[in-house]
file coords15.pdb (PDB, C-alpha atoms and all ligand atoms)
ATOM      1  CA  MET A1407      75.534 -36.049-106.238
ATOM      2  CA  ALA A1408      75.578 -32.288-105.975
ATOM      3  CA  ALA A1409      72.260 -32.105-107.803
ATOM      4  CA  LEU A1410      70.711 -34.546-105.336
ATOM      5  CA  VAL A1411      71.967 -32.592-102.370
ATOM      6  CA  ARG A1412      70.726 -29.369-103.917
ATOM      7  CA  ARG A1413      67.271 -30.787-104.448
ATOM      8  CA  ALA A1414      67.208 -31.834-100.794
ATOM      9  CA  TRP A1415      67.351 -28.168 -99.739
ATOM     10  CA  ARG A1416      64.213 -27.505-101.754
ATOM     11  CA  ARG A1417      62.272 -30.522-100.589
ATOM     12  CA  LYS A1418      60.263 -30.643 -97.401
ATOM     13  CA  PRO A1419      61.770 -33.698 -95.737
ATOM     14  CA  PRO A1420      59.803 -36.151 -93.589
ATOM     15  CA  PHE A1421      60.181 -35.890 -89.838
ATOM     16  CA  PRO A1422      63.226 -37.997 -88.980
ATOM     17  CA  PRO A1423      63.188 -39.874 -85.665
ATOM     18  CA  GLY A1424      65.065 -38.192 -82.845
ATOM     19  CA  GLY A1425      65.431 -34.798 -84.502
ATOM     20  CA  PRO A1426      67.517 -32.266 -82.617
ATOM     21  CA  LEU A1427      64.505 -30.319 -81.437
ATOM     22  CA  ARG A1428      62.553 -33.241 -80.042
ATOM     23  CA  ASN A1429      61.901 -34.233 -76.475
ATOM     24  CA  ARG A1430      62.993 -30.931 -75.004
ATOM     25  CA  ALA A1431      61.414 -29.816 -71.785
ATOM     26  CA  VAL A1432      59.296 -26.769 -72.427
ATOM     27  CA  ARG A1433      58.951 -24.320 -69.604
ATOM     28  CA  LEU A1434      58.602 -20.602 -69.337
ATOM     29  CA  GLN A1435      61.385 -18.455 -68.047
ATOM     30  CA  ALA A1436      61.295 -14.674 -67.900
ATOM     31  CA  ARG A1437      64.564 -13.564 -69.404
ATOM     32  CA  ARG A1438      62.960 -10.871 -71.456
ATOM     33  CA  ASP A1439      63.559  -7.982 -69.082
ATOM     34  CA  ALA A1440      67.266  -8.676 -69.163
ATOM     35  CA  LEU A1441      67.264  -8.583 -72.939
ATOM     36  CA  SER A1442      64.976  -5.674 -73.657
ATOM     37  CA  GLY A1443      66.488  -2.306 -74.307
ATOM     38  CA  ALA A1444      70.058  -3.507 -73.955
ATOM     39  CA  ALA A1445      71.021  -2.864 -77.568
ATOM     40  CA  ASP A1446      72.843   0.356 -78.313
ATOM     41  CA  MET A1447      70.661   2.137 -80.865
ATOM     42  CA  THR A1448      72.494   5.465 -80.943
ATOM     43  CA  THR A1449      74.621   4.674 -83.993
ATOM     44  CA  PRO A1450      73.838   2.236 -86.804
ATOM     45  CA  ARG A1451      75.444  -1.153 -86.400
ATOM     46  CA  LEU A1452      78.232  -1.903 -88.873
ATOM     47  CA  ARG A1453      78.125  -5.377 -90.419
ATOM     48  CA  LYS A1454      81.675  -6.269 -91.434
ATOM     49  CA  ASP A1455      83.290  -8.805 -93.757
ATOM     50  CA  VAL A1456      84.186 -11.774 -91.512
ATOM     51  CA  PHE A1457      87.364 -12.453 -93.492
ATOM     52  CA  LYS A1458      88.575  -8.864 -93.083
ATOM     53  CA  LEU A1459      88.131  -8.396 -89.354
ATOM     54  CA  ASP A1460      91.169  -6.800 -87.701
ATOM     55  CA  ALA A1461      93.644  -9.068 -85.950
ATOM     56  CA  GLY A1462      92.440  -9.341 -82.382
ATOM     57  CA  ASP A1463      88.868  -8.431 -83.317
ATOM     58  CA  GLN A1464      86.510 -10.044 -80.789
ATOM     59  CA  THR A1465      83.307 -10.180 -82.884
ATOM     60  CA  LEU A1466      83.343 -13.982 -83.286
ATOM     61  CA  GLN A1467      84.463 -14.626 -79.704
ATOM     62  CA  TRP A1468      81.430 -12.706 -78.486
ATOM     63  CA  TYR A1469      79.221 -14.420 -81.050
ATOM     64  CA  ALA A1470      80.305 -17.819 -79.688
ATOM     65  CA  LYS A1471      79.794 -16.731 -76.074
ATOM     66  CA  ALA A1472      76.338 -15.338 -76.864
ATOM     67  CA  ILE A1473      75.314 -18.529 -78.704
ATOM     68  CA  HIS A1474      76.503 -20.612 -75.753
ATOM     69  CA  ASP A1475      74.378 -18.414 -73.482
ATOM     70  CA  MET A1476      71.328 -18.630 -75.784
ATOM     71  CA  GLN A1477      71.717 -22.412 -75.917
ATOM     72  CA  GLN A1478      71.209 -22.603 -72.138
ATOM     73  CA  ARG A1479      67.765 -20.979 -72.407
ATOM     74  CA  PRO A1480      64.675 -23.203 -72.617
ATOM     75  CA  ILE A1481      63.143 -23.513 -76.060
ATOM     76  CA  SER A1482      60.017 -21.764 -74.738
ATOM     77  CA  ASP A1483      62.114 -18.589 -74.370
ATOM     78  CA  THR A1484      61.710 -16.653 -77.642
ATOM     79  CA  SER A1485      65.322 -15.460 -77.347
ATOM     80  CA  SER A1486      66.725 -18.978 -77.039
ATOM     81  CA  TRP A1487      68.958 -20.456 -79.712
ATOM     82  CA  ARG A1488      66.476 -23.216 -80.492
ATOM     83  CA  TYR A1489      63.418 -20.940 -80.612
ATOM     84  CA  GLN A1490      65.241 -18.615 -83.009
ATOM     85  CA  ALA A1491      66.227 -21.505 -85.293
ATOM     86  CA  SER A1492      62.679 -22.902 -85.186
ATOM     87  CA  ILE A1493      61.322 -19.669 -86.652
ATOM     88  CA  HIS A1494      63.023 -20.685 -89.897
ATOM     89  CA  GLY A1495      61.901 -24.306 -89.705
ATOM     90  CA  THR A1496      61.448 -27.141 -87.253
ATOM     91  CA  LEU A1497      61.550 -30.923 -87.214
ATOM     92  CA  GLN A1498      59.021 -31.015 -84.394
ATOM     93  CA  ASN A1499      55.664 -32.491 -85.205
ATOM     94  CA  PRO A1500      53.141 -29.617 -85.577
ATOM     95  CA  SER A1501      50.749 -31.367 -83.179
ATOM     96  CA  SER A1502      53.332 -30.993 -80.390
ATOM     97  CA  LEU A1503      53.596 -27.210 -80.742
ATOM     98  CA  THR A1504      51.955 -24.571 -78.582
ATOM     99  CA  SER A1505      49.653 -22.109 -80.337
ATOM    100  CA  ASP A1506      52.406 -19.464 -80.149
ATOM    101  CA  GLN A1507      54.899 -21.858 -81.721
ATOM    102  CA  ARG A1508      52.432 -22.741 -84.466
ATOM    103  CA  GLN A1509      52.156 -19.067 -85.317
ATOM    104  CA  ALA A1510      55.840 -18.143 -84.990
ATOM    105  CA  TRP A1511      57.720 -21.232 -86.168
ATOM    106  CA  ALA A1512      58.420 -22.654 -89.615
ATOM    107  CA  GLN A1513      57.782 -19.305 -91.272
ATOM    108  CA  CYS A1514      60.807 -18.879 -93.580
ATOM    109  CA  GLN A1515      59.817 -17.501 -96.958
ATOM    110  CA  HIS A1516      61.271 -19.189-100.019
ATOM    111  CA  ALA A1517      60.451 -19.203-103.740
ATOM    112  CA  THR A1518      58.528 -15.956-103.350
ATOM    113  CA  TRP A1519      59.358 -12.264-103.640
ATOM    114  CA  PHE A1520      59.046 -12.150 -99.825
ATOM    115  CA  PHE A1521      62.272 -14.182 -99.477
ATOM    116  CA  LEU A1522      64.501 -11.118 -98.965
ATOM    117  CA  PRO A1523      62.321  -8.926 -96.693
ATOM    118  CA  TRP A1524      61.325 -11.880 -94.483
ATOM    119  CA  HIS A1525      64.935 -12.916 -93.914
ATOM    120  CA  ARG A1526      65.927  -9.280 -93.283
ATOM    121  CA  ALA A1527      63.468  -9.040 -90.394
ATOM    122  CA  TYR A1528      64.525 -12.476 -89.139
ATOM    123  CA  LEU A1529      68.189 -11.415 -89.102
ATOM    124  CA  GLY A1530      67.429  -8.035 -87.547
ATOM    125  CA  ILE A1531      65.716  -9.568 -84.527
ATOM    126  CA  PHE A1532      68.378 -12.253 -84.168
ATOM    127  CA  GLU A1533      71.108  -9.586 -84.265
ATOM    128  CA  ASP A1534      69.235  -7.631 -81.561
ATOM    129  CA  ILE A1535      69.147 -10.746 -79.369
ATOM    130  CA  VAL A1536      72.844 -11.589 -79.854
ATOM    131  CA  ALA A1537      73.881  -7.945 -79.331
ATOM    132  CA  ALA A1538      71.848  -7.734 -76.119
ATOM    133  CA  THR A1539      73.349 -11.019 -74.927
ATOM    134  CA  VAL A1540      76.886  -9.800 -75.704
ATOM    135  CA  ALA A1541      76.209  -6.621 -73.730
ATOM    136  CA  LYS A1542      74.735  -8.635 -70.836
ATOM    137  CA  LEU A1543      77.874 -10.818 -70.764
ATOM    138  CA  GLY A1544      80.077  -7.720 -70.485
ATOM    139  CA  GLY A1545      80.983  -7.336 -74.151
ATOM    140  CA  PRO A1546      80.868  -4.266 -76.389
ATOM    141  CA  GLY A1547      77.591  -2.410 -76.897
ATOM    142  CA  ASP A1548      77.957  -2.225 -80.671
ATOM    143  CA  TRP A1549      78.136  -5.910 -81.622
ATOM    144  CA  ALA A1550      76.925  -6.501 -85.180
ATOM    145  CA  LEU A1551      76.486  -9.619 -87.280
ATOM    146  CA  PRO A1552      79.417 -10.125 -89.666
ATOM    147  CA  TYR A1553      78.826 -11.377 -93.207
ATOM    148  CA  TRP A1554      80.590 -14.099 -95.202
ATOM    149  CA  ASN A1555      81.453 -12.880 -98.707
ATOM    150  CA  TYR A1556      82.289 -16.308-100.187
ATOM    151  CA  SER A1557      82.263 -14.925-103.732
ATOM    152  CA  GLU A1558      85.737 -13.505-103.079
ATOM    153  CA  ALA A1559      88.486 -15.922-104.166
ATOM    154  CA  ASN A1560      90.142 -16.050-100.735
ATOM    155  CA  ALA A1561      86.903 -16.693 -98.803
ATOM    156  CA  ARG A1562      85.829 -20.065-100.229
ATOM    157  CA  ALA A1563      86.428 -21.890 -96.933
ATOM    158  CA  LEU A1564      84.498 -21.549 -93.691
ATOM    159  CA  PRO A1565      85.940 -18.812 -91.469
ATOM    160  CA  PRO A1566      88.458 -20.630 -89.176
ATOM    161  CA  ALA A1567      86.520 -19.798 -85.986
ATOM    162  CA  PHE A1568      83.693 -22.024 -87.287
ATOM    163  CA  THR A1569      85.875 -25.110 -87.660
ATOM    164  CA  ALA A1570      88.050 -25.086 -84.515
ATOM    165  CA  GLN A1571      87.196 -27.911 -82.079
ATOM    166  CA  ALA A1572      87.295 -25.750 -78.975
ATOM    167  CA  PHE A1573      86.801 -22.092 -78.308
ATOM    168  CA  ALA A1574      89.008 -20.268 -75.815
ATOM    169  CA  GLY A1575      87.057 -19.344 -72.701
ATOM    170  CA  LEU A1576      84.104 -21.638 -73.412
ATOM    171  CA  PRO A1577      83.572 -25.102 -71.950
ATOM    172  CA  GLY A1578      83.222 -28.124 -74.210
ATOM    173  CA  GLN A1579      82.875 -28.047 -77.971
ATOM    174  CA  ASN A1580      83.140 -24.820 -79.962
ATOM    175  CA  PRO A1581      79.517 -23.646 -80.424
ATOM    176  CA  LEU A1582      80.394 -22.346 -83.912
ATOM    177  CA  ARG A1583      81.331 -25.850 -85.139
ATOM    178  CA  VAL A1584      78.359 -28.099 -85.931
ATOM    179  CA  GLU A1585      77.574 -31.086 -88.149
ATOM    180  CA  ARG A1586      78.371 -30.275 -91.792
ATOM    181  CA  ASP A1587      79.039 -32.306 -94.933
ATOM    182  CA  GLN A1588      81.785 -29.947 -96.088
ATOM    183  CA  GLY A1589      83.921 -27.181 -94.656
ATOM    184  CA  ASN A1590      84.829 -28.446 -91.201
ATOM    185  CA  ASP A1591      88.279 -29.507 -92.447
ATOM    186  CA  GLY A1592      89.014 -25.830 -93.019
ATOM    187  CA  LYS A1593      89.675 -26.302 -96.736
ATOM    188  CA  PRO A1594      88.070 -24.230 -99.533
ATOM    189  CA  PHE A1595      85.035 -26.086-100.923
ATOM    190  CA  LEU A1596      82.876 -23.558-102.777
ATOM    191  CA  ASP A1597      83.488 -23.435-106.541
ATOM    192  CA  ASN A1598      82.956 -20.498-108.897
ATOM    193  CA  LYS A1599      79.557 -21.786-109.949
ATOM    194  CA  ALA A1600      78.254 -21.992-106.385
ATOM    195  CA  VAL A1601      79.155 -18.394-105.558
ATOM    196  CA  SER A1602      78.512 -16.752-108.941
ATOM    197  CA  LEU A1603      76.969 -13.286-108.699
ATOM    198  CA  ASN A1604      75.218 -13.347-112.063
ATOM    199  CA  CYS A1605      71.993 -12.742-110.119
ATOM    200  CA  LEU A1606      73.082  -9.096-109.818
ATOM    201  CA  LYS A1607      72.608  -8.696-113.579
ATOM    202  CA  ARG A1608      68.897  -9.326-113.200
ATOM    203  CA  LYS A1609      67.242  -5.917-113.200
ATOM    204  CA  ILE A1610      63.716  -6.901-112.211
ATOM    205  CA  PHE A1611      62.979  -7.747-108.558
ATOM    206  CA  GLY A1612      59.764  -9.723-108.930
ATOM    207  CA  GLY A1613      59.556 -12.397-111.596
ATOM    208  CA  HIS A1614      56.827 -14.597-112.939
ATOM    209  CA  LEU A1615      55.934 -18.050-111.750
ATOM    210  CA  THR A1616      54.777 -19.140-115.172
ATOM    211  CA  THR A1617      57.868 -18.321-117.234
ATOM    212  CA  ALA A1618      60.761 -20.697-116.659
ATOM    213  CA  GLY A1619      63.964 -18.887-115.757
ATOM    214  CA  ASP A1620      62.241 -15.531-115.336
ATOM    215  CA  SER A1621      61.923 -15.546-111.575
ATOM    216  CA  GLY A1622      63.470 -12.113-111.055
ATOM    217  CA  PHE A1623      66.271 -11.038-108.723
ATOM    218  CA  GLY A1624      64.171 -11.269-105.559
ATOM    219  CA  GLY A1625      61.730 -14.054-106.382
ATOM    220  CA  PRO A1626      58.484 -14.726-108.180
ATOM    221  CA  VAL A1627      55.478 -12.493-107.581
ATOM    222  CA  ARG A1628      53.235 -14.545-105.368
ATOM    223  CA  GLY A1629      51.832 -14.713-101.854
ATOM    224  CA  PRO A1630      53.690 -15.916 -98.785
ATOM    225  CA  ASN A1631      55.279 -19.308 -99.345
ATOM    226  CA  HIS A1632      57.048 -21.259 -96.618
ATOM    227  CA  MET A1633      58.297 -24.180 -98.715
ATOM    228  CA  GLY A1634      57.719 -25.748-102.034
ATOM    229  CA  ASP A1635      59.210 -26.518-105.369
ATOM    230  CA  SER A1636      58.241 -23.479-107.382
ATOM    231  CA  ASP A1637      60.626 -21.042-109.060
ATOM    232  CA  GLN A1638      63.007 -19.191-106.824
ATOM    233  CA  GLY A1639      64.553 -15.780-107.364
ATOM    234  CA  GLN A1640      67.998 -15.586-108.970
ATOM    235  CA  LEU A1641      69.746 -14.578-105.723
ATOM    236  CA  GLU A1642      67.927 -17.302-103.821
ATOM    237  CA  MET A1643      69.114 -19.976-106.277
ATOM    238  CA  VAL A1644      72.730 -18.795-106.537
ATOM    239  CA  PRO A1645      74.556 -18.277-104.303
ATOM    240  CA  HIS A1646      71.944 -18.780-101.534
ATOM    241  CA  ASP A1647      70.827 -22.381-102.200
ATOM    242  CA  MET A1648      74.245 -23.493-103.431
ATOM    243  CA  VAL A1649      76.007 -22.418-100.232
ATOM    244  CA  HIS A1650      73.333 -24.084 -98.087
ATOM    245  CA  SER A1651      73.553 -27.394 -99.907
ATOM    246  CA  ASP A1652      77.341 -27.381-100.371
ATOM    247  CA  ILE A1653      77.822 -27.018 -96.605
ATOM    248  CA  GLY A1654      75.112 -29.607 -95.989
ATOM    249  CA  GLY A1655      74.456 -31.131 -92.582
ATOM    250  CA  LEU A1656      72.202 -28.810 -90.587
ATOM    251  CA  MET A1657      72.570 -26.179 -93.322
ATOM    252  CA  GLY A1658      71.270 -28.578 -95.959
ATOM    253  CA  ASP A1659      67.724 -28.663 -94.584
ATOM    254  CA  PRO A1660      65.558 -25.555 -94.028
ATOM    255  CA  ASP A1661      64.169 -27.201 -90.883
ATOM    256  CA  THR A1662      67.598 -27.221 -89.216
ATOM    257  CA  ALA A1663      69.645 -24.651 -91.168
ATOM    258  CA  ALA A1664      69.455 -21.842 -88.615
ATOM    259  CA  LEU A1665      70.966 -24.141 -85.948
ATOM    260  CA  ASP A1666      74.293 -23.723 -87.769
ATOM    261  CA  PRO A1667      75.904 -20.446 -86.621
ATOM    262  CA  ILE A1668      77.230 -19.890 -90.160
ATOM    263  CA  PHE A1669      73.596 -19.611 -91.365
ATOM    264  CA  TRP A1670      73.404 -16.074 -89.982
ATOM    265  CA  LEU A1671      76.634 -14.911 -91.680
ATOM    266  CA  HIS A1672      75.481 -16.506 -94.929
ATOM    267  CA  HIS A1673      72.163 -14.673 -94.773
ATOM    268  CA  ALA A1674      73.860 -11.421 -93.782
ATOM    269  CA  ASN A1675      75.724 -11.712 -97.090
ATOM    270  CA  ILE A1676      72.486 -12.424 -98.981
ATOM    271  CA  ASP A1677      70.947  -9.366 -97.303
ATOM    272  CA  ARG A1678      74.063  -7.349 -98.251
ATOM    273  CA  LEU A1679      73.801  -8.478-101.889
ATOM    274  CA  TRP A1680      70.240  -7.096-101.953
ATOM    275  CA  GLU A1681      71.724  -3.704-100.943
ATOM    276  CA  VAL A1682      74.520  -4.073-103.518
ATOM    277  CA  TRP A1683      71.913  -4.742-106.221
ATOM    278  CA  ARG A1684      69.903  -1.686-105.161
ATOM    279  CA  LYS A1685      73.026   0.517-105.132
ATOM    280  CA  MET A1686      73.671  -0.637-108.720
ATOM    281  CA  GLY A1687      70.591   1.371-109.686
ATOM    282  CA  ASN A1688      67.899  -1.273-109.394
ATOM    283  CA  ALA A1689      64.610  -0.667-107.629
ATOM    284  CA  ASN A1690      62.536  -2.620-105.150
ATOM    285  CA  PRO A1691      58.889  -3.315-106.030
ATOM    286  CA  THR A1692      56.443  -0.427-105.596
ATOM    287  CA  ASP A1693      53.383  -2.668-105.741
ATOM    288  CA  PRO A1694      51.395  -2.488-102.481
ATOM    289  CA  LYS A1695      50.990  -6.251-102.790
ATOM    290  CA  TRP A1696      54.686  -6.469-101.934
ATOM    291  CA  LEU A1697      55.154  -3.329 -99.845
ATOM    292  CA  SER A1698      52.314  -3.512 -97.379
ATOM    293  CA  ALA A1699      49.646  -6.130 -98.071
ATOM    294  CA  THR A1700      51.408  -8.940 -96.212
ATOM    295  CA  ARG A1701      52.700  -8.675 -92.661
ATOM    296  CA  PHE A1702      54.952 -11.279 -91.069
ATOM    297  CA  PHE A1703      54.745 -12.278 -87.424
ATOM    298  CA  PHE A1704      57.768 -12.357 -85.099
ATOM    299  CA  HIS A1705      58.698 -11.796 -81.475
ATOM    300  CA  ASP A1706      61.133  -8.925 -81.047
ATOM    301  CA  ALA A1707      64.256  -9.245 -78.888
ATOM    302  CA  SER A1708      62.249  -8.537 -75.741
ATOM    303  CA  GLY A1709      59.718 -11.247 -76.620
ATOM    304  CA  ARG A1710      56.953  -8.864 -77.678
ATOM    305  CA  ALA A1711      54.744  -9.979 -80.591
ATOM    306  CA  VAL A1712      55.385  -7.748 -83.615
ATOM    307  CA  THR A1713      54.619  -7.799 -87.331
ATOM    308  CA  PHE A1714      56.564  -6.401 -90.269
ATOM    309  CA  ALA A1715      55.647  -5.638 -93.860
ATOM    310  CA  PRO A1716      58.403  -5.312 -96.481
ATOM    311  CA  GLN A1717      57.969  -1.513 -96.543
ATOM    312  CA  ASP A1718      59.072  -1.453 -92.883
ATOM    313  CA  VAL A1719      62.435  -3.033 -93.653
ATOM    314  CA  VAL A1720      63.485  -1.745 -97.104
ATOM    315  CA  ASP A1721      65.682   1.021 -95.663
ATOM    316  CA  THR A1722      68.426  -0.453 -93.466
ATOM    317  CA  ALA A1723      69.466   2.995 -92.194
ATOM    318  CA  THR A1724      66.064   4.046 -90.861
ATOM    319  CA  GLY A1725      64.228   0.746 -90.395
ATOM    320  CA  PRO A1726      63.668  -1.055 -87.108
ATOM    321  CA  TRP A1727      67.290  -2.283 -87.184
ATOM    322  CA  ARG A1728      69.626   0.547 -88.083
ATOM    323  CA  TYR A1729      72.670  -1.026 -89.687
ATOM    324  CA  GLN A1730      75.103  -0.621 -92.562
ATOM    325  CA  TYR A1731      77.479  -2.871 -94.470
ATOM    326  CA  ASP A1732      81.158  -1.996 -94.698
ATOM    327  CA  ASN A1733      81.190  -2.776 -98.443
ATOM    328  CA  LEU A1734      78.448  -2.311-101.027
ATOM    329  CA  ALA A1735      80.753  -2.035-104.067
ATOM    330  CA  ASN A1736      79.515  -3.651-107.273
ATOM    331  CA  PRO A1737      81.488  -6.921-107.428
ATOM    332  CA  LEU A1738      80.841  -7.257-111.180
ATOM    333  CA  GLY A1739      82.781  -4.073-111.958
ATOM    334  CA  ASN A1740      81.463  -2.637-115.191
ATOM    335  CA  VAL A1741      79.970  -5.911-116.402
ATOM    336  CA  ARG A1742      76.235  -5.666-116.878
TER
HETATM  337 CU    CU A1801      68.964 -19.557 -96.279
END
call {"tool": "encode", "arguments": {"input": "coords15.pdb", "output": "structure tokens", "more": "lines below"}}
Ligand SMILES: [Cu+2]
result
Amino acid sequence: MAALVRRAWRRKPPFPPGGPLRNRAVRLQARRDALSGAADMTTPRLRKDVFKLDAGDQTLQWYAKAIHDMQQRPISDTSSWRYQASIHGTLQNPSSLTSDQRQAWAQCQHATWFFLPWHRAYLGIFEDIVAATVAKLGGPGDWALPYWNYSEANARALPPAFTAQAFAGLPGQNPLRVERDQGNDGKPFLDNKAVSLNCLKRKIFGGHLTTAGDSGFGGPVRGPNHMGDSDQGQLEMVPHDMVHSDIGGLMGDPDTAALDPIFWLHHANIDRLWEVWRKMGNANPTDPKWLSATRFFFHDASGRAVTFAPQDVVDTATGPWRYQYDNLANPLGNVR
């Protein structure tokens, strides 16, 4: 069963009838001025372990409030919840998309050495949008995306805020709780195999498509690749794919995964593990084919069209999104 579910994450599914993104009214609304420039860029953001937040910490309360706010925006608004999720993938028929949506949506990079830099840019812009929304709603100016370090023995369940039925101060259902196959009962569900960090032992970033099992830490050397059944990098296979498919529901399909609020904490951890691997003495590719030859299209938090190459995002301290992680210790200890 698990194998079937895991394959489903890698397969491009057919368009199911009545998908969550269908039949939405599309109209323009200028919210961009309100969002632009609101983020506090004076100090780097600190991405913290979601299971180690201080008692009374409001990070997830503000996350839920910001998501609720983003969910009220029309899908044509690039800062809306549904537009942001559609950048990863969409169930909408391509013929129904605007030319902007055709360029910006369904762009997630998998089974390629662009997996990590693409998702870093995707997270950076999303974090800008949430942080600006938090500030607009009267919250702190230094909101940062937390990460979910499920490889730790006491973090094998969803963080409790993601399973509660209601959220204090918000009407209706808790926006952090969505359709999932596992985890909503609050019980631990990720086993050692799913969250193994053996990927960190892989010293080479870019692997080879032709050699089975030699896909490298960051993915096989190849051009941009949105979907497909080719080799994935070691980090992308485990824990990335395993956590997606073990949660299932929206998370089990790349076309809906980013509609689950836990997606962003999962990918913050994947992004953190890239930094952990680098701090262990490993090096990113120096090949211009990786660094600069390919640029990926996004809208920034203010809605402006921007492009990024991997070389723009490799340094989290000086890149477009200045942020740090509260823990980059080698989780394997001295094991190599
Ligand atoms: Cu993912």
call {"tool": "atom_distance", "arguments": {"input": "coords15.pdb", "atom1": "CA of Gln1477 in chain A", "atom2": "CA of Pro1566 in chain A"}}
result
21.4 Å
call {"tool": "residues_near_ligand", "arguments": {"input": "coords15.pdb", "ligand": "ligand CU 1801 (chain A)", "cutoff": "9 Å", "atoms": "only C-alpha atoms and all ligand atoms", "output": "mmCIF file with C-alpha atoms, in the frame of the given file"}}
result
data_model
loop_
_atom_site.group_PDB
_atom_site.id
_atom_site.type_symbol
_atom_site.label_atom_id
_atom_site.label_comp_id
_atom_site.auth_asym_id
_atom_site.auth_seq_id
_atom_site.Cartn_x
_atom_site.Cartn_y
_atom_site.Cartn_z
ATOM 1 C CA HIS A 1494 63.023 -20.685 -89.897
ATOM 2 C CA CYS A 1514 60.807 -18.879 -93.580
ATOM 3 C CA HIS A 1516 61.271 -19.189 -100.019
ATOM 4 C CA HIS A 1525 64.935 -12.916 -93.914
ATOM 5 C CA GLU A 1642 67.927 -17.302 -103.821
ATOM 6 C CA HIS A 1646 71.944 -18.780 -101.534
ATOM 7 C CA ASP A 1647 70.827 -22.381 -102.200
ATOM 8 C CA VAL A 1649 76.007 -22.418 -100.232
ATOM 9 C CA HIS A 1650 73.333 -24.084 -98.087
ATOM 10 C CA MET A 1657 72.570 -26.179 -93.322
ATOM 11 C CA PRO A 1660 65.558 -25.555 -94.028
ATOM 12 C CA ALA A 1663 69.645 -24.651 -91.168
ATOM 13 C CA ALA A 1664 69.455 -21.842 -88.615
ATOM 14 C CA PHE A 1669 73.596 -19.611 -91.365
ATOM 15 C CA TRP A 1670 73.404 -16.074 -89.982
ATOM 16 C CA HIS A 1672 75.481 -16.506 -94.929
ATOM 17 C CA HIS A 1673 72.163 -14.673 -94.773
ATOM 18 C CA ILE A 1676 72.486 -12.424 -98.981
#
call {"tool": "closest_residue", "arguments": {"input": "coords15.pdb", "among": "A:Ala1550, A:Ile1653, A:Ile1473, A:Val1540", "to": "Pro1450 in chain A", "atoms": "only C-alpha atoms"}}
result
A:Ala1550
call {"tool": "resolve_selection", "arguments": {"input": "coords15.pdb", "expression": "the PyMOL selection byres (((chain A and resi 1681) around 10) and not hetatm)", "output": "ChimeraX atom specification"}}
result
/A:1675-1680,1682-1686,1688,1720-1722,1730-1731,1733-1735
call {"tool": "closest_residue", "arguments": {"input": "coords15.pdb", "among": "A:Asp1587, A:Glu1558, A:Asp1620, A:Asp1659", "to": "Val1601 in chain A", "atoms": "only C-alpha atoms"}}
result
A:Glu1558
call {"tool": "resolve_selection", "arguments": {"input": "coords15.pdb", "expression": "the PyMOL selection byres (((chain A and resi 1592) around 12) and not hetatm)", "output": "list in words"}}
result
Ala1561, Arg1562, Ala1563, Leu1564, Pro1565, Pro1566, Ala1567, Phe1568, Thr1569, Ala1570, Gln1571, Arg1583, Arg1586, Gln1588, Gly1589, Asn1590, Asp1591, Lys1593, Pro1594, Phe1595, Leu1596 and Ile1653 of chain A
call {"tool": "residues_around", "arguments": {"input": "coords15.pdb", "residues": "Thr1662 in chain A", "least_positions_apart": "6", "cutoff": "7 Å", "atoms": "all atoms listed in the file", "output": "ChimeraX atom specification"}}
result
/A:1495-1496,1656
call {"tool": "write_last_selection", "arguments": {"input": "coords15.pdb", "atoms": "C-alpha atoms", "output": "PDB file, in the frame of the given file"}}
result
ATOM      1  CA  GLY A1495      61.901 -24.306 -89.705  1.00  0.00           C
ATOM      2  CA  THR A1496      61.448 -27.141 -87.253  1.00  0.00           C
ATOM      3  CA  LEU A1656      72.202 -28.810 -90.587  1.00  0.00           C
TER       4      LEU A1656
END
call {"tool": "atom_distance", "arguments": {"input": "coords15.pdb", "atom1": "CA of Arg1728 in chain A", "atom2": "CA of Gln1640 in chain A"}}
result
26.4 Å
call {"tool": "closest_residue", "arguments": {"input": "coords15.pdb", "among": "A:Pro1552, A:Gln1498, A:Gln1490, A:Ser1482", "to": "Tyr1469 in chain A", "atoms": "only C-alpha atoms"}}
result
A:Pro1552
call {"tool": "resolve_selection", "arguments": {"input": "coords15.pdb", "expression": "the PyMOL selection byres (((chain A and resi 1607) around 12) and not hetatm)", "output": "PyMOL selection string"}}
result
chain A and resi 1602-1606+1608-1611+1622-1624+1640-1641+1679-1680+1682-1684+1686-1688+1736-1742
call {"tool": "atom_distance", "arguments": {"input": "coords15.pdb", "atom1": "CA of Phe1457 in chain A", "atom2": "CA of Ser1557 in chain A"}}
result
11.7 Å
call {"tool": "closest_residue", "arguments": {"input": "coords15.pdb", "among": "A:Ala1541, A:Leu1576, A:Leu1452, A:Met1633", "to": "Gln1515 in chain A", "atoms": "all atoms listed in the file"}}
result
A:Met1633
call {"tool": "closest_residue", "arguments": {"input": "coords15.pdb", "among": "A:Trp1554, A:Phe1520, A:Tyr1489, A:Phe1714", "to": "Lys1695 in chain A", "atoms": "only C-alpha atoms"}}
result
A:Phe1520
call {"tool": "closest_residue", "arguments": {"input": "coords15.pdb", "among": "A:Pro1630, A:Met1476, A:Ala1510, A:Asp1455", "to": "Tyr1556 in chain A", "atoms": "all atoms listed in the file"}}
result
A:Asp1455
call {"tool": "residues_around", "arguments": {"input": "coords15.pdb", "residues": "Gly1639 in chain A", "least_positions_apart": "4", "cutoff": "8 Å", "atoms": "all atoms listed in the file", "output": "list in words"}}
result
Ala1517, Thr1518, Trp1519, Gly1612, Gly1613, Ser1621, Gly1622, Phe1623, Gly1624, Gly1625, Pro1626 and Met1643 of chain A
